[in-house]
file input_15.pdb (PDB, C-alpha atoms, pLDDT in the B column)
ATOM      1  CA  MET A   1     -21.884-166.261 171.903  1.00 63.00           C
ATOM      2  CA  SER A   2     -24.125-168.239 174.211  1.00 84.00           C
ATOM      3  CA  GLY A   3     -23.728-171.669 175.719  1.00 87.00           C
ATOM      4  CA  ILE A   4     -24.166-173.934 178.694  1.00 92.00           C
ATOM      5  CA  ILE A   5     -22.113-176.224 180.948  1.00 94.00           C
ATOM      6  CA  GLY A   6     -22.779-179.946 180.889  1.00 93.00           C
ATOM      7  CA  LYS A   7     -21.478-183.348 181.894  1.00 95.00           C
ATOM      8  CA  LYS A   8     -20.710-186.163 179.470  1.00 95.00           C
ATOM      9  CA  VAL A   9     -22.930-189.186 180.152  1.00 94.00           C
ATOM     10  CA  GLY A  10     -21.639-191.516 177.439  1.00 94.00           C
ATOM     11  CA  MET A  11     -21.962-192.507 173.777  1.00 94.00           C
ATOM     12  CA  THR A  12     -24.654-194.338 171.871  1.00 94.00           C
ATOM     13  CA  SER A  13     -26.031-194.463 168.335  1.00 94.00           C
ATOM     14  CA  ILE A  14     -29.385-193.780 166.699  1.00 93.00           C
ATOM     15  CA  PHE A  15     -30.861-194.337 163.249  1.00 93.00           C
ATOM     16  CA  SER A  16     -31.507-191.257 161.134  1.00 88.00           C
ATOM     17  CA  ALA A  17     -34.594-190.758 158.953  1.00 88.00           C
ATOM     18  CA  ASP A  18     -32.742-192.134 155.921  1.00 90.00           C
ATOM     19  CA  GLY A  19     -31.664-195.275 157.801  1.00 91.00           C
ATOM     20  CA  ARG A  20     -28.050-194.351 158.620  1.00 92.00           C
ATOM     21  CA  ASN A  21     -26.605-195.391 161.986  1.00 94.00           C
ATOM     22  CA  VAL A  22     -25.308-192.157 163.569  1.00 93.00           C
ATOM     23  CA  ALA A  23     -22.844-192.193 166.484  1.00 94.00           C
ATOM     24  CA  CYS A  24     -23.785-189.612 169.092  1.00 94.00           C
ATOM     25  CA  THR A  25     -22.983-188.426 172.622  1.00 95.00           C
ATOM     26  CA  LEU A  26     -25.420-187.939 175.483  1.00 95.00           C
ATOM     27  CA  ILE A  27     -24.741-184.833 177.601  1.00 95.00           C
ATOM     28  CA  GLU A  28     -26.402-183.727 180.819  1.00 93.00           C
ATOM     29  CA  ALA A  29     -26.656-180.023 179.955  1.00 90.00           C
ATOM     30  CA  GLY A  30     -27.588-177.800 182.880  1.00 78.00           C
ATOM     31  CA  PRO A  31     -29.524-176.452 184.578  1.00 90.00           C
ATOM     32  CA  CYS A  32     -26.922-173.744 185.201  1.00 91.00           C
ATOM     33  CA  VAL A  33     -27.182-170.851 187.638  1.00 92.00           C
ATOM     34  CA  VAL A  34     -26.193-167.287 186.711  1.00 91.00           C
ATOM     35  CA  THR A  35     -23.569-166.367 189.324  1.00 92.00           C
ATOM     36  CA  GLN A  36     -22.348-163.078 187.812  1.00 90.00           C
ATOM     37  CA  VAL A  37     -23.388-160.652 185.088  1.00 89.00           C
ATOM     38  CA  LYS A  38     -20.690-158.383 183.658  1.00 87.00           C
ATOM     39  CA  ASN A  39     -21.261-155.270 181.578  1.00 85.00           C
ATOM     40  CA  VAL A  40     -19.237-152.663 179.713  1.00 85.00           C
ATOM     41  CA  GLU A  41     -19.703-149.956 182.362  1.00 89.00           C
ATOM     42  CA  THR A  42     -18.177-151.875 185.274  1.00 89.00           C
ATOM     43  CA  ASP A  43     -16.058-154.609 183.652  1.00 87.00           C
ATOM     44  CA  GLY A  44     -15.251-153.306 180.191  1.00 88.00           C
ATOM     45  CA  TYR A  45     -17.112-156.091 178.364  1.00 85.00           C
ATOM     46  CA  ASN A  46     -20.389-158.015 178.431  1.00 85.00           C
ATOM     47  CA  ALA A  47     -20.384-161.526 179.836  1.00 88.00           C
ATOM     48  CA  VAL A  48     -22.461-163.997 181.825  1.00 90.00           C
ATOM     49  CA  GLN A  49     -20.918-166.368 184.367  1.00 91.00           C
ATOM     50  CA  LEU A  50     -22.692-169.721 184.723  1.00 92.00           C
ATOM     51  CA  ALA A  51     -22.151-172.410 187.377  1.00 93.00           C
ATOM     52  CA  PHE A  52     -23.025-176.110 187.261  1.00 93.00           C
ATOM     53  CA  GLY A  53     -22.674-179.211 189.467  1.00 89.00           C
ATOM     54  CA  GLU A  54     -23.152-179.430 193.220  1.00 91.00           C
ATOM     55  CA  ARG A  55     -20.149-179.100 195.534  1.00 90.00           C
ATOM     56  CA  LYS A  56     -19.757-179.658 199.283  1.00 92.00           C
ATOM     57  CA  GLU A  57     -19.458-176.426 201.224  1.00 91.00           C
ATOM     58  CA  LYS A  58     -16.616-177.808 203.367  1.00 92.00           C
ATOM     59  CA  ASN A  59     -14.533-178.309 200.178  1.00 92.00           C
ATOM     60  CA  THR A  60     -15.242-174.824 198.828  1.00 91.00           C
ATOM     61  CA  PRO A  61     -12.937-171.827 199.476  1.00 93.00           C
ATOM     62  CA  LYS A  62     -14.610-169.130 201.585  1.00 93.00           C
ATOM     63  CA  PRO A  63     -14.349-166.413 198.911  1.00 92.00           C
ATOM     64  CA  LEU A  64     -16.235-168.703 196.508  1.00 91.00           C
ATOM     65  CA  ILE A  65     -18.878-169.483 199.152  1.00 92.00           C
ATOM     66  CA  GLY A  66     -19.562-165.746 199.434  1.00 93.00           C
ATOM     67  CA  HIS A  67     -19.628-165.430 195.657  1.00 92.00           C
ATOM     68  CA  PHE A  68     -22.295-168.143 195.364  1.00 91.00           C
ATOM     69  CA  LYS A  69     -24.331-166.778 198.287  1.00 92.00           C
ATOM     70  CA  LYS A  70     -24.487-163.425 196.526  1.00 91.00           C
ATOM     71  CA  ALA A  71     -26.233-165.228 193.663  1.00 90.00           C
ATOM     72  CA  GLY A  72     -28.499-167.031 196.120  1.00 90.00           C
ATOM     73  CA  THR A  73     -27.283-170.525 195.237  1.00 90.00           C
ATOM     74  CA  THR A  74     -25.311-173.410 196.741  1.00 92.00           C
ATOM     75  CA  PRO A  75     -21.597-173.978 195.950  1.00 92.00           C
ATOM     76  CA  LYS A  76     -20.999-175.337 192.441  1.00 92.00           C
ATOM     77  CA  GLN A  77     -18.216-177.400 190.908  1.00 92.00           C
ATOM     78  CA  LYS A  78     -17.736-175.731 187.533  1.00 93.00           C
ATOM     79  CA  VAL A  79     -17.828-172.003 186.768  1.00 93.00           C
ATOM     80  CA  VAL A  80     -17.560-170.755 183.174  1.00 93.00           C
ATOM     81  CA  GLU A  81     -17.835-167.285 181.671  1.00 92.00           C
ATOM     82  CA  PHE A  82     -19.583-166.761 178.345  1.00 89.00           C
ATOM     83  CA  ARG A  83     -18.728-163.468 176.677  1.00 86.00           C
ATOM     84  CA  ASP A  84     -21.328-161.500 174.713  1.00 77.00           C
ATOM     85  CA  PHE A  85     -24.258-163.745 175.627  1.00 70.00           C
ATOM     86  CA  ARG A  86     -26.815-163.475 172.806  1.00 60.00           C
ATOM     87  CA  VAL A  87     -29.167-160.485 172.663  1.00 57.00           C
ATOM     88  CA  GLU A  88     -32.341-162.574 172.938  1.00 55.00           C
ATOM     89  CA  PHE A  89     -31.361-163.530 176.507  1.00 62.00           C
ATOM     90  CA  GLU A  90     -31.359-159.899 177.647  1.00 61.00           C
ATOM     91  CA  GLY A  91     -33.306-159.769 180.911  1.00 61.00           C
ATOM     92  CA  GLN A  92     -33.348-163.561 181.360  1.00 67.00           C
ATOM     93  CA  VAL A  93     -29.785-163.763 182.627  1.00 78.00           C
ATOM     94  CA  ASN A  94     -30.163-161.835 185.851  1.00 84.00           C
ATOM     95  CA  LEU A  95     -28.177-162.841 188.924  1.00 88.00           C
ATOM     96  CA  GLY A  96     -29.508-166.077 190.428  1.00 86.00           C
ATOM     97  CA  ASN A  97     -31.562-167.077 187.376  1.00 87.00           C
ATOM     98  CA  THR A  98     -31.475-170.640 186.027  1.00 89.00           C
ATOM     99  CA  VAL A  99     -30.508-171.333 182.418  1.00 88.00           C
ATOM    100  CA  LYS A 100     -31.693-174.605 180.852  1.00 88.00           C
ATOM    101  CA  ALA A 101     -30.600-176.382 177.682  1.00 87.00           C
ATOM    102  CA  GLU A 102     -33.933-175.984 175.895  1.00 88.00           C
ATOM    103  CA  GLU A 103     -33.719-172.196 176.398  1.00 87.00           C
ATOM    104  CA  VAL A 104     -30.355-171.989 174.624  1.00 88.00           C
ATOM    105  CA  PHE A 105     -30.500-174.734 171.957  1.00 89.00           C
ATOM    106  CA  VAL A 106     -33.102-176.154 169.606  1.00 90.00           C
ATOM    107  CA  GLU A 107     -32.952-179.414 167.677  1.00 90.00           C
ATOM    108  CA  GLY A 108     -30.951-178.940 164.491  1.00 90.00           C
ATOM    109  CA  ASP A 109     -28.543-176.377 165.956  1.00 91.00           C
ATOM    110  CA  PHE A 110     -24.807-176.804 165.429  1.00 94.00           C
ATOM    111  CA  VAL A 111     -22.717-176.453 168.591  1.00 94.00           C
ATOM    112  CA  ASP A 112     -19.040-176.528 169.598  1.00 94.00           C
ATOM    113  CA  ALA A 113     -18.017-178.847 172.434  1.00 95.00           C
ATOM    114  CA  ILE A 114     -15.012-178.040 174.639  1.00 96.00           C
ATOM    115  CA  GLY A 115     -13.577-180.608 177.034  1.00 95.00           C
ATOM    116  CA  THR A 116     -10.360-182.068 178.418  1.00 96.00           C
ATOM    117  CA  SER A 117      -9.202-185.090 176.433  1.00 95.00           C
ATOM    118  CA  LYS A 118      -8.381-188.387 178.124  1.00 96.00           C
ATOM    119  CA  GLY A 119      -4.852-188.497 179.541  1.00 95.00           C
ATOM    120  CA  LYS A 120      -2.681-191.264 178.033  1.00 96.00           C
ATOM    121  CA  GLY A 121       0.473-190.769 180.092  1.00 97.00           C
ATOM    122  CA  PHE A 122       3.962-190.879 178.533  1.00 97.00           C
ATOM    123  CA  GLN A 123       3.674-192.321 175.017  1.00 96.00           C
ATOM    124  CA  GLY A 124       6.077-193.016 172.165  1.00 95.00           C
ATOM    125  CA  VAL A 125       6.078-191.424 168.729  1.00 94.00           C
ATOM    126  CA  VAL A 126       4.015-194.176 167.068  1.00 93.00           C
ATOM    127  CA  LYS A 127       1.028-193.646 169.374  1.00 95.00           C
ATOM    128  CA  ARG A 128       1.557-189.925 169.961  1.00 95.00           C
ATOM    129  CA  HIS A 129       2.260-188.749 166.391  1.00 95.00           C
ATOM    130  CA  GLY A 130       1.371-191.701 164.195  1.00 93.00           C
ATOM    131  CA  PHE A 131       4.939-192.520 163.108  1.00 90.00           C
ATOM    132  CA  GLY A 132       5.390-195.750 161.141  1.00 86.00           C
ATOM    133  CA  GLY A 133       8.476-196.891 163.017  1.00 79.00           C
ATOM    134  CA  VAL A 134      11.985-197.319 161.549  1.00 78.00           C
ATOM    135  CA  GLY A 135      11.921-199.349 158.355  1.00 68.00           C
ATOM    136  CA  GLY A 136      10.314-202.780 158.166  1.00 68.00           C
ATOM    137  CA  GLN A 137      11.312-205.883 160.035  1.00 70.00           C
ATOM    138  CA  THR A 138      13.881-206.974 157.439  1.00 70.00           C
ATOM    139  CA  HIS A 139      17.278-205.751 156.223  1.00 70.00           C
ATOM    140  CA  GLY A 140      18.998-206.728 159.430  1.00 72.00           C
ATOM    141  CA  GLN A 141      17.169-204.393 161.844  1.00 72.00           C
ATOM    142  CA  HIS A 142      15.704-206.155 164.857  1.00 75.00           C
ATOM    143  CA  ASN A 143      15.086-203.726 167.729  1.00 77.00           C
ATOM    144  CA  ARG A 144      13.897-200.399 166.352  1.00 80.00           C
ATOM    145  CA  GLN A 145      10.337-201.034 165.135  1.00 83.00           C
ATOM    146  CA  ARG A 146       8.755-198.214 167.199  1.00 87.00           C
ATOM    147  CA  HIS A 147      11.756-195.883 167.514  1.00 88.00           C
ATOM    148  CA  PRO A 148      11.680-192.264 166.306  1.00 89.00           C
ATOM    149  CA  GLY A 149      14.700-192.482 164.015  1.00 86.00           C
ATOM    150  CA  SER A 150      16.992-189.526 163.324  1.00 88.00           C
ATOM    151  CA  ILE A 151      16.211-186.237 165.070  1.00 91.00           C
ATOM    152  CA  GLY A 152      18.652-184.035 163.148  1.00 91.00           C
ATOM    153  CA  ALA A 153      21.995-183.662 161.381  1.00 91.00           C
ATOM    154  CA  CYS A 154      25.478-183.628 162.913  1.00 90.00           C
ATOM    155  CA  SER A 155      27.876-180.681 162.675  1.00 92.00           C
ATOM    156  CA  TRP A 156      25.154-178.436 161.247  1.00 91.00           C
ATOM    157  CA  PRO A 157      22.916-177.271 162.809  1.00 91.00           C
ATOM    158  CA  SER A 158      24.537-178.932 165.875  1.00 92.00           C
ATOM    159  CA  ARG A 159      21.198-178.853 167.654  1.00 94.00           C
ATOM    160  CA  VAL A 160      17.692-180.285 167.526  1.00 95.00           C
ATOM    161  CA  PHE A 161      15.133-177.944 165.978  1.00 95.00           C
ATOM    162  CA  LYS A 162      12.331-176.697 168.217  1.00 95.00           C
ATOM    163  CA  GLY A 163       9.037-178.477 167.704  1.00 95.00           C
ATOM    164  CA  MET A 164      10.633-181.810 166.798  1.00 95.00           C
ATOM    165  CA  ARG A 165       7.989-184.480 167.311  1.00 96.00           C
ATOM    166  CA  MET A 166       9.159-186.839 170.024  1.00 96.00           C
ATOM    167  CA  ALA A 167       7.792-189.095 172.730  1.00 96.00           C
ATOM    168  CA  GLY A 168       6.131-187.390 175.688  1.00 96.00           C
ATOM    169  CA  ARG A 169       3.054-186.797 177.793  1.00 96.00           C
ATOM    170  CA  THR A 170      -0.029-187.394 175.692  1.00 95.00           C
ATOM    171  CA  GLY A 171      -3.639-186.303 176.182  1.00 95.00           C
ATOM    172  CA  GLY A 172      -5.104-184.243 179.015  1.00 94.00           C
ATOM    173  CA  ASP A 173      -5.390-181.210 176.717  1.00 95.00           C
ATOM    174  CA  ARG A 174      -8.220-178.738 176.210  1.00 96.00           C
ATOM    175  CA  VAL A 175      -9.866-179.809 172.953  1.00 96.00           C
ATOM    176  CA  LYS A 176     -12.600-178.082 170.948  1.00 96.00           C
ATOM    177  CA  VAL A 177     -14.740-180.084 168.516  1.00 96.00           C
ATOM    178  CA  VAL A 178     -16.803-177.865 166.221  1.00 96.00           C
ATOM    179  CA  ASN A 179     -20.116-178.221 164.368  1.00 94.00           C
ATOM    180  CA  LEU A 180     -21.800-181.041 166.275  1.00 94.00           C
ATOM    181  CA  LYS A 181     -25.478-181.245 165.437  1.00 93.00           C
ATOM    182  CA  VAL A 182     -28.083-181.270 168.220  1.00 94.00           C
ATOM    183  CA  LEU A 183     -30.127-184.356 167.346  1.00 93.00           C
ATOM    184  CA  LYS A 184     -32.501-184.489 170.303  1.00 92.00           C
ATOM    185  CA  ILE A 185     -33.360-182.534 173.456  1.00 93.00           C
ATOM    186  CA  TYR A 186     -34.929-184.168 176.524  1.00 92.00           C
ATOM    187  CA  PRO A 187     -36.025-181.133 178.631  1.00 90.00           C
ATOM    188  CA  GLU A 188     -37.560-183.189 181.463  1.00 91.00           C
ATOM    189  CA  LYS A 189     -34.180-184.886 182.075  1.00 91.00           C
ATOM    190  CA  ASN A 190     -31.896-181.982 181.042  1.00 91.00           C
ATOM    191  CA  LEU A 191     -30.286-184.208 178.423  1.00 92.00           C
ATOM    192  CA  LEU A 192     -28.866-183.283 175.033  1.00 92.00           C
ATOM    193  CA  LEU A 193     -28.029-185.725 172.220  1.00 94.00           C
ATOM    194  CA  VAL A 194     -25.337-184.436 169.838  1.00 95.00           C
ATOM    195  CA  SER A 195     -23.797-186.107 166.816  1.00 94.00           C
ATOM    196  CA  GLY A 196     -20.236-187.409 166.950  1.00 93.00           C
ATOM    197  CA  SER A 197     -17.805-187.672 169.829  1.00 94.00           C
ATOM    198  CA  VAL A 198     -16.995-185.199 172.594  1.00 95.00           C
ATOM    199  CA  PRO A 199     -13.559-184.895 174.296  1.00 94.00           C
ATOM    200  CA  GLY A 200     -13.020-186.449 177.723  1.00 94.00           C
ATOM    201  CA  PRO A 201     -14.115-189.487 179.733  1.00 95.00           C
ATOM    202  CA  LYS A 202     -17.576-190.165 181.124  1.00 94.00           C
ATOM    203  CA  ASN A 203     -18.725-187.749 183.857  1.00 94.00           C
ATOM    204  CA  SER A 204     -16.270-185.074 182.695  1.00 95.00           C
ATOM    205  CA  PHE A 205     -17.397-181.462 182.290  1.00 95.00           C
ATOM    206  CA  VAL A 206     -18.175-180.216 178.790  1.00 95.00           C
ATOM    207  CA  ILE A 207     -18.755-176.630 177.636  1.00 94.00           C
ATOM    208  CA  LEU A 208     -21.257-176.281 174.809  1.00 93.00           C
ATOM    209  CA  GLU A 209     -21.099-173.083 172.738  1.00 91.00           C
ATOM    210  CA  LYS A 210     -23.444-171.818 170.054  1.00 85.00           C
TER     211      LYS A 210
END

call {"tool": "encode", "arguments": {"input": "input_15.pdb", "output": "structure tokens"}}
result
Amino acid sequence: MSGIIGKKVGMTSIFSADGRNVACTLIEAGPCVVTQVKNVETDGYNAVQLAFGERKEKNTPKPLIGHFKKAGTTPKQKVVEFRDFRVEFEGQVNLGNTVKAEEVFVEGDFVDAIGTSKGKGFQGVVKRHGFGGVGGQTHGQHNRQRHPGSIGACSWPSRVFKGMRMAGRTGGDRVKVVNLKVLKIYPEKNLLLVSGSVPGPKNSFVILEK
């Protein structure tokens, strides 16, 4: 599995060859620096650690500063490990090397995007789980339109079953969207145009996997 770290720029739409209007997301993908290379002999598995996004040295823990200096680079914001980086990158992913989007992806590839979804705060069951509310607005009910309704029986089981869908904190979760098509690559600007939507707000970090 290979991939790259990016930052979500925003959404737009383009017209396909057959005239369809396709919603897509623009991602600033890389360039990423190789900050660690793991192998079976020393670590028990093969992996490549990539770093992306500049970070002030005064806001970086000293152990991390030393880690980045070992790779010959400045402190970075986001560090991600990709296990079993593809065979064709053997020799290219040495410590301190730079990995760019056009080296990992080509137009037409299908990628998986991982991000943190937008946080919605504490939400009720209608917004959180898509409940329809209790009944309609007739038959004498007047104040329960968005309530959850019954959450269980009485004397048996004398408890609420685990996993009962209720109101609560919504969003802010790690979300993976699979099979997004790479529509366009802009190597001079390190930009990637993928079909569909990607989790998270603008300027949030996104992990792209192939």

call {"tool": "residues_near_point", "arguments": {"input": "input_15.pdb", "point": "(0.6, -195.3, 168.6)", "cutoff": "12 Å", "atoms": "all atoms listed in the file", "output": "list in words"}}
result
Lys120, Phe122, Gln123, Gly124, Val125, Val126, Lys127, Arg128, His129, Gly130, Phe131, Gly132, Gly133, Gln145, Arg146, His147, Pro148, Ala167, Gly168 and Thr170 of chain A

call {"tool": "atom_distance", "arguments": {"input": "input_15.pdb", "atom1": "CA of Ser2 (chain A)", "atom2": "CA of Phe85 (chain A)"}}
result
4.7 Å

call {"tool": "residues_around", "arguments": {"input": "input_15.pdb", "residues": "region 63-66 of chain A", "least_positions_apart": "6", "cutoff": "8 Å", "atoms": "only C-alpha atoms", "output": "list of chain:residue names"}}
result
A:Glu57, A:Thr74, A:Pro75

call {"tool": "write_last_selection", "arguments": {"input": "input_15.pdb", "atoms": "C-alpha atoms", "output": "PDB file, in the frame of the given file"}}
result
ATOM      1  CA  GLU A  57     -19.458-176.426 201.224  1.00 91.00           C
ATOM      2  CA  THR A  74     -25.311-173.410 196.741  1.00 92.00           C
ATOM      3  CA  PRO A  75     -21.597-173.978 195.950  1.00 92.00           C
TER       4      PRO A  75
END

call {"tool": "atom_distance", "arguments": {"input": "input_15.pdb", "atom1": "CA of His67 (chain A)", "atom2": "CA of Arg55 (chain A)"}}
result
13.7 Å

call {"tool": "closest_residue", "arguments": {"input": "input_15.pdb", "among": "A:Val104, A:Ala51, A:Val177, A:Val22", "to": "Ser117 (chain A)", "atoms": "only C-alpha atoms"}}
result
A:Val177

call {"tool": "atom_distance", "arguments": {"input": "input_15.pdb", "atom1": "CA of Val182 (chain A)", "atom2": "CA of Val111 (chain A)"}}
result
7.2 Å

call {"tool": "axis_aligned_box", "arguments": {"input": "input_15.pdb", "around": "region 178-185 of chain A", "padding_each_side": "6 Å", "output": "JSON"}}
result
{"center_x": -25.1, "center_y": -181.2, "center_z": 168.9, "size_x": 28.6, "size_y": 18.6, "size_z": 21.1}

call {"tool": "residues_around", "arguments": {"input": "input_15.pdb", "residues": "Asn39 (chain A)", "least_positions_apart": "4", "cutoff": "10 Å", "atoms": "all atoms listed in the file", "output": "count of residues only"}}
result
8

call {"tool": "resolve_selection", "arguments": {"input": "input_15.pdb", "expression": "the PyMOL selection byres ((chain A and resi 105) around 12)", "output": "PyMOL selection string"}}
result
chain A and resi 2-4+29-30+86+99-104+106-112+181-187+190-194+208-210

call {"tool": "closest_residue", "arguments": {"input": "input_15.pdb", "among": "A:Ala71, A:Val80, A:Leu95, A:Ile27", "to": "Pro201 (chain A)", "atoms": "only C-alpha atoms"}}
result
A:Ile27

call {"tool": "closest_residue", "arguments": {"input": "input_15.pdb", "among": "A:Lys70, A:His139, A:Val9, A:Arg165", "to": "Ile151 (chain A)", "atoms": "all atoms listed in the file"}}
result
A:Arg165

call {"tool": "resolve_selection", "arguments": {"input": "input_15.pdb", "expression": "the PyMOL selection byres ((chain A and resi 172) around 6)", "output": "list of chain:residue names"}}
result
A:Thr116, A:Ser117, A:Lys118, A:Gly119, A:Gly171, A:Asp173

call {"tool": "write_last_selection", "arguments": {"input": "input_15.pdb", "atoms": "C-alpha atoms", "output": "PDB file, keeping the file's coordinate frame"}}
result
ATOM      1  CA  THR A 116     -10.360-182.068 178.418  1.00 96.00           C
ATOM      2  CA  SER A 117      -9.202-185.090 176.433  1.00 95.00           C
ATOM      3  CA  LYS A 118      -8.381-188.387 178.124  1.00 96.00           C
ATOM      4  CA  GLY A 119      -4.852-188.497 179.541  1.00 95.00           C
ATOM      5  CA  GLY A 171      -3.639-186.303 176.182  1.00 95.00           C
ATOM      6  CA  ASP A 173      -5.390-181.210 176.717  1.00 95.00           C
TER       7      ASP A 173
END

call {"tool": "closest_residue", "arguments": {"input": "input_15.pdb", "among": "A:Lys7, A:Val33, A:Gly115, A:Thr25", "to": "Gly72 (chain A)", "atoms": "all atoms listed in the file"}}
result
A:Val33

call {"tool": "closest_residue", "arguments": {"input": "input_15.pdb", "among": "A:Lys58, A:Lys162, A:Arg174, A:Lys69", "to": "Thr35 (chain A)", "atoms": "only C-alpha atoms"}}
result
A:Lys69

call {"tool": "resolve_selection", "arguments": {"input": "input_15.pdb", "expression": "the PyMOL selection byres ((chain A and resi 79) around 10)", "output": "VMD selection string"}}
result
chain A and resid 5 32 to 35 49 to 53 76 to 78 80 to 81

call {"tool": "residues_around", "arguments": {"input": "input_15.pdb", "residues": "Lys8 (chain A)", "least_positions_apart": "2", "cutoff": "7 Å", "atoms": "all atoms listed in the file", "output": "PyMOL selection string"}}
result
chain A and resi 6+10+26-28+202-206
